[in-house]
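*Asks:* If you scroll down you'll find the structure; I have some questions about it.
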Amino acid sequence: MLRLAAQMVRFRKGSFVATLVALTAGVAILMTCALLVESGWRHQGQPQRYGAALAVVADREMTVAGPTMFGETEYTTLALPERGSVAGELTAELAEVPGVARAVGDRSIAVTTSAAPEVPTTGHGWASAALAPYRLVSGGPPRSGGEIAVDTRLADRAGLAPGDTTDIVSAGESRPYRVSGVVESDGAAGERAALFFTDARAAAVDPRPGRFDAVGVLADPDADRSAVLAAVRRVADGADAKAYTGDGRGLVEQPEAAAARAFTLQAGSAFGAYAAMIIVFVVAGTVGLSVRHRRRDLALLRAVAATPGQVRRMLLAEVGLLGLLAAAVGVPAGLFATGLIRDELVSREFVPDGFTVQGGLLSAAAVTVAVGATALPAAWVAALRVTRIRPTEALGEAAVERGLGSKARVVSGLVCLAAAVSLTGLTGATGGQTALAAAMGMLYAFVLGVALLAPWINQAAARLLGPVLRTVWGDSGYLAAANLRANARGMVAVLTALVLSVGFGGTVWFLQDNLQRQTEVQSRDGILAQYALTGGAGLPAAATAEARRIPGVVAATGVRRTSVIVPGRLEAQAVVAQGIDPRGVERTLDLGVRAGSLAELAEDTVAVSATLADSAGWELGDKAELWLGDGTPVTLRVVALYERGWGFGDVTLHTRTLTGHTVTGLDDQVLVRAEPDAGTEAALGDLARRHPAAAVVDTDRLTGELAQDLAVSGWLNKLLIAVLVGYAVLAAANTLVMAALARTRELSLLRLVGVTRGQVKRMVHAEQAGLLGVALVIGGTIAAVTLTTIVHAVSGQRVPHVPAAGSAAIVGGTVALALVATMLPVGRLLRTPPVEGIGIRE
């Protein structure tokens, strides 16, 4: 069978190329997604500051219980946005574990050096230097609150040596420090440089007093390491923390590595899932159409005594050969594409420079198996009809169009449509990532339902469009309508590919535009202040108080950006939040409050967006249970509901609620509202100069910078959209070309009975017009329903923004694709003499 399959591939070049293209492109896309996931899974960071530690105990993630379904409780594990801390008392408890020589608490403090502000630097207490261990290269350890030790990287870049003095910005203030010594470690260099305060000074500038960022455990040289680790894990579990060992220690000391790992795992998995669903449609349709167009060959094999099993094994062998060829081309293409994407992710600061593409064998094997698991069953199902009939009926059966389909197909199609409708309700009842996931499921359910019901849709459309086609194209229109009715099942793959192209492109591309537009519009309309004091190193609360005392200033509001974790009806999720001082906020911010008042915001209250309130089931006056960014649970009374959640975050808290629960403990900006022509610019400039790395900007620039940030973050989504829509377009073109090239005998027969070349072309035009009309109506309806539902769920807008140019591009592109992919092959077929064409195999 393998040899016969190879010969069939050789003499069926058209089907071979079409199937190979679909499989190769699918392998390349899935390989890229899988390799991102594998690289993220293998990426652990490089332990530097914790190189000597046996284990590092830290709190970096939390697990939240979700709803209970069928007796099983679903749990969601989320990374803490603000990096959780552990109690200082945990250090003493870990030090008492048998076999532990020392337990050292480590504080990671955001600092900036005036001598080398471009070098990312983290401050620590001197005791934590033993965890690397760091050794003194020159000078000595810091012994007073005005001294620091710096590592060699910072010393080289800033030109510092023992005895030098440099300004260090920490806790929102700049202070001169004397360099007492320079240190280095034998470990690999991390993403950030390190400097060391005295332990007392580190505790003083840490925004989370009495707590450590992590605790490193140093073991006795002769201790049983396995027993020590087991005991350390028990202590960590009791403190709701986790003990990290091996390369996992790098995830604790390098937040960038942990973020990169989580990002690539999430992005690769999500994009891979979307791609896999599209590839299932494309590969199954292409393989099925390829087998269908060879019914006469398969029927002839049956007529000359080939058994059904032999024919099926031959088809499976043929698709297996094509799958191996596709893997041989697609896997290297995926490796190359992943390298390019990695470089782009680094340049856009999605992942740090240390992130590398790792692995490949596991991804290649998984992708090859996944594509084969799609293609082989498609070939098997497509061959069942031919192999089930009796040999004496095989050739006659091959020339006759089958029925529209079974009752099971109708029921399955209706079930998919019902599922899509139910997902519409789920999307509207949730928000955030849950709504996005439900909407994508709704989109695919609609497309699958259309694919299953396509024979009946095609036949009904042909009957409805028959009079129109005859009126516009005359006799050619009559032939077109007859062809559409007779070949209703044969055009299933064509309709599905066109609907997928229009529905997916119209939904996902416009969705990204809507989310960006909502964020920019809400931010622009909601900022009432004329000026913003921004601080690259953070701003203390005193900056807001100073701004309020400037003559001519009507109000000033400090804004602290963070994220919080909120429970959902299906799963918990992290949402963007802000902390503000509500004094005078109505003059600087307009969040679009629709119920309650921001004036009631206090340490034990919260304001939430209407979208989040609907999703979480909160109403005005309810007690909202949520977790701050460091995992601290809080119960706050809802005092206001507002509309502009996309521009300002779904949760607004009092700044005091966040005290001690954010990494920096500082505000990101101060919004200032001044009286017209008050001349406050000079005073605000003086205020900015009193705070390190601060500047005064017009609030119009904030919206501009926000648009730039959104463009950067939207790049990844646009890339996904471009790849997947491009693959759908490729599938549509592939399917149209295959369908057109399979009509050699049909078109030759028409010409032999007197139909002219012009009439044949007009007939094909009429057929394409009918198919395109149906595909555009169905695909456009799916896109409209999906887009409207999800935009309303995540932004509250009932009518999505659909640019006219974008709509014209999708419609025009689909029309051009269908015409070019059909008329070029048909033009080639019409150049073949009809007497010669009638003898060509199907």
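How things are named: the first chain in the structure tokens is A, the next is B, and so on; residues count from 1 in each chain; ligands count from 1 in the order shown.
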Find the residues around Ala171 in chain A up to 10 Å (only C-alpha atoms counted), leave out those fewer than 3 positions away in its own chain, and share them as a compact mmCIF listing (two decimals) with C-alpha atoms, in the first residue's frame.

*Replies:*
# COMPACT_ATOMS: atom_id res chain seq x y z
CA ILE A 109 14.07 47.41 46.79
CA ALA A 110 13.54 49.44 43.63
CA VAL A 111 16.42 51.94 43.36
CA ILE A 168 20.68 56.81 45.17
CA SER A 174 17.34 60.99 46.53
CA ALA A 204 13.81 51.60 56.58
CA VAL A 205 13.37 52.17 52.83
CA ASP A 206 11.39 48.95 52.21
CA PRO A 207 7.71 49.82 51.54
CA ALA A 537 11.50 56.56 40.12
CA GLY A 538 8.08 57.00 41.71
CA LEU A 539 6.56 59.88 43.67
CA PRO A 540 5.87 59.96 47.41
CA THR A 664 7.52 50.47 45.28
CA GLY A 665 4.97 51.97 47.67
CA LEU A 666 4.99 55.14 45.51

*Asks:* Using only C-alpha atoms, which residues sit within 9 Å of range 804-815 of chain A once same-chain residues fewer than 6 positions away are excluded, as a PDB file with N, CA and C atoms, in the first residue's frame?

*Replies:*
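Okay, selection-v9.pdb is ready:
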ATOM      1  N   LEU A 498     -14.477  30.179   3.085  1.00  0.00           N
ATOM      2  CA  LEU A 498     -14.831  31.592   2.919  1.00  0.00           C
ATOM      3  C   LEU A 498     -15.470  32.160   4.182  1.00  0.00           C
ATOM      4  N   SER A 501     -12.811  32.699   6.791  1.00  0.00           N
ATOM      5  CA  SER A 501     -12.000  33.873   6.470  1.00  0.00           C
ATOM      6  C   SER A 501     -12.700  35.159   6.871  1.00  0.00           C
ATOM      7  N   VAL A 502     -13.978  35.285   6.483  1.00  0.00           N
ATOM      8  CA  VAL A 502     -14.727  36.514   6.776  1.00  0.00           C
ATOM      9  C   VAL A 502     -15.040  36.607   8.269  1.00  0.00           C
ATOM     10  N   GLY A 505     -11.624  36.924  10.450  1.00  0.00           N
ATOM     11  CA  GLY A 505     -10.979  38.210  10.214  1.00  0.00           C
ATOM     12  C   GLY A 505     -11.814  39.370  10.720  1.00  0.00           C
ATOM     13  N   GLY A 506     -13.121  39.343  10.438  1.00  0.00           N
ATOM     14  CA  GLY A 506     -13.980  40.432  10.858  1.00  0.00           C
ATOM     15  C   GLY A 506     -14.141  40.526  12.353  1.00  0.00           C
ATOM     16  N   TRP A 509      -9.798  40.956  14.166  1.00  0.00           N
ATOM     17  CA  TRP A 509      -9.091  42.175  13.802  1.00  0.00           C
ATOM     18  C   TRP A 509      -9.808  43.403  14.366  1.00  0.00           C
ATOM     19  N   PHE A 510     -11.118  43.468  14.176  1.00  0.00           N
ATOM     20  CA  PHE A 510     -11.868  44.624  14.663  1.00  0.00           C
ATOM     21  C   PHE A 510     -11.950  44.641  16.181  1.00  0.00           C
ATOM     22  N   VAL A 729      -7.083  32.534   4.822  1.00  0.00           N
ATOM     23  CA  VAL A 729      -7.122  32.982   3.424  1.00  0.00           C
ATOM     24  C   VAL A 729      -6.409  31.978   2.532  1.00  0.00           C
ATOM     25  N   GLN A 768     -19.675  31.878  -8.411  1.00  0.00           N
ATOM     26  CA  GLN A 768     -18.877  32.544  -7.392  1.00  0.00           C
ATOM     27  C   GLN A 768     -19.652  33.671  -6.719  1.00  0.00           C
ATOM     28  N   ALA A 769     -20.469  34.368  -7.512  1.00  0.00           N
ATOM     29  CA  ALA A 769     -21.285  35.428  -6.926  1.00  0.00           C
ATOM     30  C   ALA A 769     -22.252  34.855  -5.895  1.00  0.00           C
ATOM     31  N   LEU A 772     -20.122  33.612  -2.889  1.00  0.00           N
ATOM     32  CA  LEU A 772     -19.598  34.758  -2.157  1.00  0.00           C
ATOM     33  C   LEU A 772     -20.695  35.466  -1.374  1.00  0.00           C
ATOM     34  N   LEU A 776     -20.400  35.828   2.535  1.00  0.00           N
ATOM     35  CA  LEU A 776     -20.303  37.153   3.134  1.00  0.00           C
ATOM     36  C   LEU A 776     -21.448  37.405   4.117  1.00  0.00           C
TER      37      LEU A 776
END

*Asks:* Excluding range 112-126 of chain A and its own-chain neighbours fewer than 6 positions away, which residues fall within 8 Å of it when counting only C-alpha atoms? Please give them as a PyMOL selection string.

*Replies:* chain A and resi 106+141-142+154+157-159+166-170+191-203+537

*Asks:* Give me the residues within 10 Å of Pro98 in chain A as a list in words, counting only C-alpha atoms and dropping any in the same chain fewer than 4 places off.

*Replies:*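 Returned residues: Leu94, Ala219, Asp220, Ala223, Asp224, Ala227, Val228, Ala231 and Val232 of chain A.
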
*Asks:* Keeping only C-alpha atoms, write the selected residues as a compact mmCIF listing (two decimals), in the first residue's frame.

*Replies:*
# COMPACT_ATOMS: atom_id res chain seq x y z
CA LEU A 94 13.42 28.25 59.00
CA ALA A 219 22.42 24.22 54.58
CA ASP A 220 25.13 22.72 56.77
CA ALA A 223 23.42 17.85 56.28
CA ASP A 224 21.06 15.47 54.50
CA ALA A 227 15.63 15.80 54.56
CA VAL A 228 16.36 19.52 54.92
CA ALA A 231 11.40 20.11 56.28
CA VAL A 232 11.79 23.50 54.59

*Asks:* Please identify which residues in range 542-638 of chain A DSSP calls helix (DSSP H, G or I) from the backbone, and express them as a list in words.

*Replies:* Ala542, Ala543, Thr544, Ala545, Glu546, Ala547, Arg548, Val585, Glu586, Arg587, Thr588, Leu598, Ala599, Glu600, Ala610, Thr611, Leu612, Ala613, Asp614, Ser615 and Ala616 of chain A

*Asks:* Could you turn the residues from that selection into a file that holds C-alpha atoms, as a CSV table (one decimal), in the first residue's frame?

*Replies:*
chain,number,residue,atom,x,y,z
A,542,ALA,CA,4.2,64.3,49.8
A,543,ALA,CA,4.5,65.3,46.2
A,544,THR,CA,0.7,65.4,45.9
A,545,ALA,CA,0.4,67.5,49.1
A,546,GLU,CA,3.1,69.9,47.7
A,547,ALA,CA,1.2,70.3,44.4
A,548,ARG,CA,-2.0,71.2,46.2
A,585,VAL,CA,-10.7,63.8,42.5
A,586,GLU,CA,-13.9,65.1,40.8
A,587,ARG,CA,-11.9,68.0,39.5
A,588,THR,CA,-9.0,65.9,38.0
A,598,LEU,CA,-15.9,58.6,44.6
A,599,ALA,CA,-16.0,61.0,47.5
A,600,GLU,CA,-16.9,58.0,49.7
A,610,ALA,CA,-19.8,48.5,35.8
A,611,THR,CA,-18.4,45.7,33.6
A,612,LEU,CA,-16.5,44.1,36.5
A,613,ALA,CA,-19.5,44.6,38.8
A,614,ASP,CA,-21.8,42.8,36.3
A,615,SER,CA,-19.2,40.0,35.9
A,616,ALA,CA,-18.6,39.5,39.6

*Asks:* Could you list, as a PyMOL selection string, every residue within 8 Å of Glu253 in chain A, counting only C-alpha atoms and ignoring same-chain residues fewer than 4 positions away?

*Replies:* chain A and resi 47-50+249

*Asks:* Check the smallest atom-to-atom distance from each of A:Val826, A:Ala375, A:Ala695, A:Val575 to Leu741 in chain A using only C-alpha atoms, then report the winner.

*Replies:*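 Among A:Val826, A:Ala375, A:Ala695, A:Val575, it is A:Val826 that comes nearest to Leu741 in chain A.
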
*Asks:* Using DSSP secondary structure from the backbone, list all strand (DSSP E or B) positions within range 425-585 of chain A, as a ChimeraX atom specification.

*Replies:* /A:527,531-539,553-566,573-580

*Asks:* Write out the residues from the selection above, keeping C-alpha atoms, as a CSV table (one decimal), in the first residue's frame.

*Replies:*
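Just written: out_33.csv:
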chain,number,residue,atom,x,y,z
A,527,ILE,CA,-8.7,63.2,32.5
A,531,TYR,CA,-0.9,68.7,33.9
A,532,ALA,CA,0.7,65.6,35.1
A,533,LEU,CA,3.7,65.2,37.4
A,534,THR,CA,5.3,61.9,36.4
A,535,GLY,CA,8.1,60.2,38.2
A,536,GLY,CA,10.4,57.6,36.6
A,537,ALA,CA,11.5,56.6,40.1
A,538,GLY,CA,8.1,57.0,41.7
A,539,LEU,CA,6.6,59.9,43.7
A,553,VAL,CA,-3.8,74.7,41.7
A,554,VAL,CA,-7.5,73.7,42.1
A,555,ALA,CA,-6.9,70.0,42.8
A,556,ALA,CA,-4.1,67.4,42.7
A,557,THR,CA,-4.6,63.6,42.7
A,558,GLY,CA,-1.8,61.1,43.1
A,559,VAL,CA,-2.4,57.9,41.1
A,560,ARG,CA,-0.8,54.6,41.9
A,561,ARG,CA,-1.0,51.8,39.3
A,562,THR,CA,-1.3,48.2,40.4
A,563,SER,CA,-3.4,45.1,39.7
A,564,VAL,CA,-5.7,43.1,42.0
A,565,ILE,CA,-7.2,39.6,41.8
A,566,VAL,CA,-10.9,39.3,41.7
A,573,GLN,CA,-8.5,36.8,37.2
A,574,ALA,CA,-6.1,39.7,37.7
A,575,VAL,CA,-7.5,43.1,36.6
A,576,VAL,CA,-5.9,46.5,36.3
A,577,ALA,CA,-6.5,48.8,39.3
A,578,GLN,CA,-5.4,52.2,40.6
A,579,GLY,CA,-5.0,53.8,44.0
A,580,ILE,CA,-6.0,57.4,44.4

*Asks:* Report as a list of chain:residue names all protein, DNA and RNA residues lying within 10 Å of Gly330 in chain A, evaluated on only C-alpha atoms, omitting residues in the same chain fewer than 2 positions from it.

*Replies:*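 So the residues in contact are A:Val21, A:Leu23, A:Thr24, A:Ala25, A:Gly26, A:Val27, A:Ala28, A:Ile29, A:Leu30, A:Met31, A:Thr32, A:Gly323, A:Leu324, A:Leu325, A:Ala326, A:Ala327, A:Ala328, A:Pro332, A:Ala333, A:Gly334, A:Leu335, A:Phe336, A:Ala364, A:Val367, A:Thr368.
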
*Asks:* Selection from above, C-alpha atoms, as a short mmCIF file (atom, residue, chain, number, x, y, z; two decimals), in the first residue's frame, can you write it?

*Replies:*
data_model
loop_
_atom_site.label_atom_id
_atom_site.label_comp_id
_atom_site.auth_asym_id
_atom_site.auth_seq_id
_atom_site.Cartn_x
_atom_site.Cartn_y
_atom_site.Cartn_z
CA VAL A 21 0.67 23.35 1.49
CA LEU A 23 -0.24 20.61 6.18
CA THR A 24 3.11 22.45 5.97
CA ALA A 25 1.63 25.82 6.91
CA GLY A 26 -0.25 24.18 9.79
CA VAL A 27 2.91 22.49 11.08
CA ALA A 28 4.90 25.75 10.87
CA ILE A 29 2.28 27.74 12.81
CA LEU A 30 1.78 25.10 15.49
CA MET A 31 5.54 24.57 15.76
CA THR A 32 6.03 28.26 16.49
CA GLY A 323 2.46 14.60 6.81
CA LEU A 324 6.12 13.56 7.08
CA LEU A 325 7.06 15.84 4.17
CA ALA A 326 5.10 18.67 5.78
CA ALA A 327 6.94 18.10 9.06
CA ALA A 328 10.29 18.07 7.27
CA PRO A 332 12.48 24.13 10.36
CA ALA A 333 10.21 26.96 9.21
CA GLY A 334 8.65 27.07 12.68
CA LEU A 335 12.10 27.12 14.31
CA PHE A 336 13.14 30.04 12.11
CA ALA A 364 8.29 18.94 16.77
CA VAL A 367 3.07 19.10 16.41
CA THR A 368 3.69 16.28 13.94
#

*Asks:* Which residue out of A:Gly552, A:Gly780, A:Gly248, A:Gly441 has the minimum interatomic distance to Val57 in chain A when only C-alpha atoms are used?

*Replies:* A:Gly248

*Asks:* When you count only C-alpha atoms, which of these residues is closest to Thr703 in chain A: A:Val521, A:Leu570, A:Leu479, A:Val606?

*Replies:*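 Ranking A:Val521, A:Leu570, A:Leu479, A:Val606 by distance to Thr703 in chain A, first place goes to A:Val521.
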
*Asks:* Please provide the set of residues having any atom within 6 Å of range 208-218 of chain A, restricted to only C-alpha atoms, with same-chain residues fewer than 3 positions apart removed, written as a PDB file with N, CA and C atoms, in the first residue's frame.

*Replies:*
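Saved result, around.pdb, follows:
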ATOM      1  N   ALA A  53      22.178  29.280  48.007  1.00  0.00           N
ATOM      2  CA  ALA A  53      21.045  28.838  48.830  1.00  0.00           C
ATOM      3  C   ALA A  53      20.571  27.460  48.395  1.00  0.00           C
ATOM      4  N   LEU A  54      20.298  26.613  49.366  1.00  0.00           N
ATOM      5  CA  LEU A  54      19.716  25.307  49.060  1.00  0.00           C
ATOM      6  C   LEU A  54      18.289  25.474  48.544  1.00  0.00           C
ATOM      7  N   ALA A  55      17.561  26.406  49.128  1.00  0.00           N
ATOM      8  CA  ALA A  55      16.181  26.683  48.728  1.00  0.00           C
ATOM      9  C   ALA A  55      15.884  28.146  49.039  1.00  0.00           C
ATOM     10  N   VAL A  56      14.912  28.667  48.342  1.00  0.00           N
ATOM     11  CA  VAL A  56      14.453  30.037  48.569  1.00  0.00           C
ATOM     12  C   VAL A  56      12.953  29.974  48.818  1.00  0.00           C
ATOM     13  N   VAL A  57      12.510  30.489  49.947  1.00  0.00           N
ATOM     14  CA  VAL A  57      11.096  30.477  50.294  1.00  0.00           C
ATOM     15  C   VAL A  57      10.503  31.836  49.948  1.00  0.00           C
ATOM     16  N   ALA A  58       9.468  31.839  49.132  1.00  0.00           N
ATOM     17  CA  ALA A  58       8.853  33.096  48.696  1.00  0.00           C
ATOM     18  C   ALA A  58       7.385  32.845  48.390  1.00  0.00           C
ATOM     19  N   SER A  85       5.048  38.863  49.693  1.00  0.00           N
ATOM     20  CA  SER A  85       6.149  38.878  50.663  1.00  0.00           C
ATOM     21  C   SER A  85       5.869  37.837  51.737  1.00  0.00           C
ATOM     22  N   VAL A  86       6.883  37.556  52.544  1.00  0.00           N
ATOM     23  CA  VAL A  86       6.723  36.607  53.640  1.00  0.00           C
ATOM     24  C   VAL A  86       7.045  37.333  54.945  1.00  0.00           C
ATOM     25  N   ALA A  87       6.443  36.862  56.022  1.00  0.00           N
ATOM     26  CA  ALA A  87       6.634  37.505  57.332  1.00  0.00           C
ATOM     27  C   ALA A  87       8.079  37.374  57.795  1.00  0.00           C
ATOM     28  N   GLY A  88       8.555  38.404  58.486  1.00  0.00           N
ATOM     29  CA  GLY A  88       9.925  38.371  58.986  1.00  0.00           C
ATOM     30  C   GLY A  88      10.166  37.232  59.948  1.00  0.00           C
ATOM     31  N   VAL A 100      19.856  23.217  58.807  1.00  0.00           N
ATOM     32  CA  VAL A 100      19.945  24.554  58.224  1.00  0.00           C
ATOM     33  C   VAL A 100      20.999  25.345  58.976  1.00  0.00           C
ATOM     34  N   ALA A 101      22.016  25.810  58.255  1.00  0.00           N
ATOM     35  CA  ALA A 101      23.074  26.595  58.875  1.00  0.00           C
ATOM     36  C   ALA A 101      22.627  28.022  59.144  1.00  0.00           C
ATOM     37  N   ARG A 102      21.814  28.538  58.205  1.00  0.00           N
ATOM     38  CA  ARG A 102      21.405  29.941  58.331  1.00  0.00           C
ATOM     39  C   ARG A 102      20.239  30.204  57.410  1.00  0.00           C
ATOM     40  N   ALA A 103      19.300  31.002  57.848  1.00  0.00           N
ATOM     41  CA  ALA A 103      18.196  31.468  57.010  1.00  0.00           C
ATOM     42  C   ALA A 103      18.284  32.995  56.951  1.00  0.00           C
ATOM     43  N   VAL A 104      18.340  33.524  55.742  1.00  0.00           N
ATOM     44  CA  VAL A 104      18.586  34.954  55.545  1.00  0.00           C
ATOM     45  C   VAL A 104      17.417  35.574  54.791  1.00  0.00           C
ATOM     46  N   GLY A 105      16.820  36.596  55.382  1.00  0.00           N
ATOM     47  CA  GLY A 105      15.761  37.320  54.686  1.00  0.00           C
ATOM     48  C   GLY A 105      16.338  38.312  53.691  1.00  0.00           C
ATOM     49  N   ASP A 106      15.698  38.404  52.529  1.00  0.00           N
ATOM     50  CA  ASP A 106      16.179  39.295  51.467  1.00  0.00           C
ATOM     51  C   ASP A 106      15.087  40.286  51.102  1.00  0.00           C
ATOM     52  N   ARG A 107      15.456  41.551  51.031  1.00  0.00           N
ATOM     53  CA  ARG A 107      14.546  42.595  50.568  1.00  0.00           C
ATOM     54  C   ARG A 107      15.000  43.047  49.176  1.00  0.00           C
ATOM     55  N   GLY A 660       1.858  49.463  51.783  1.00  0.00           N
ATOM     56  CA  GLY A 660       2.527  48.241  52.214  1.00  0.00           C
ATOM     57  C   GLY A 660       2.220  47.037  51.349  1.00  0.00           C
TER      58      GLY A 660
END
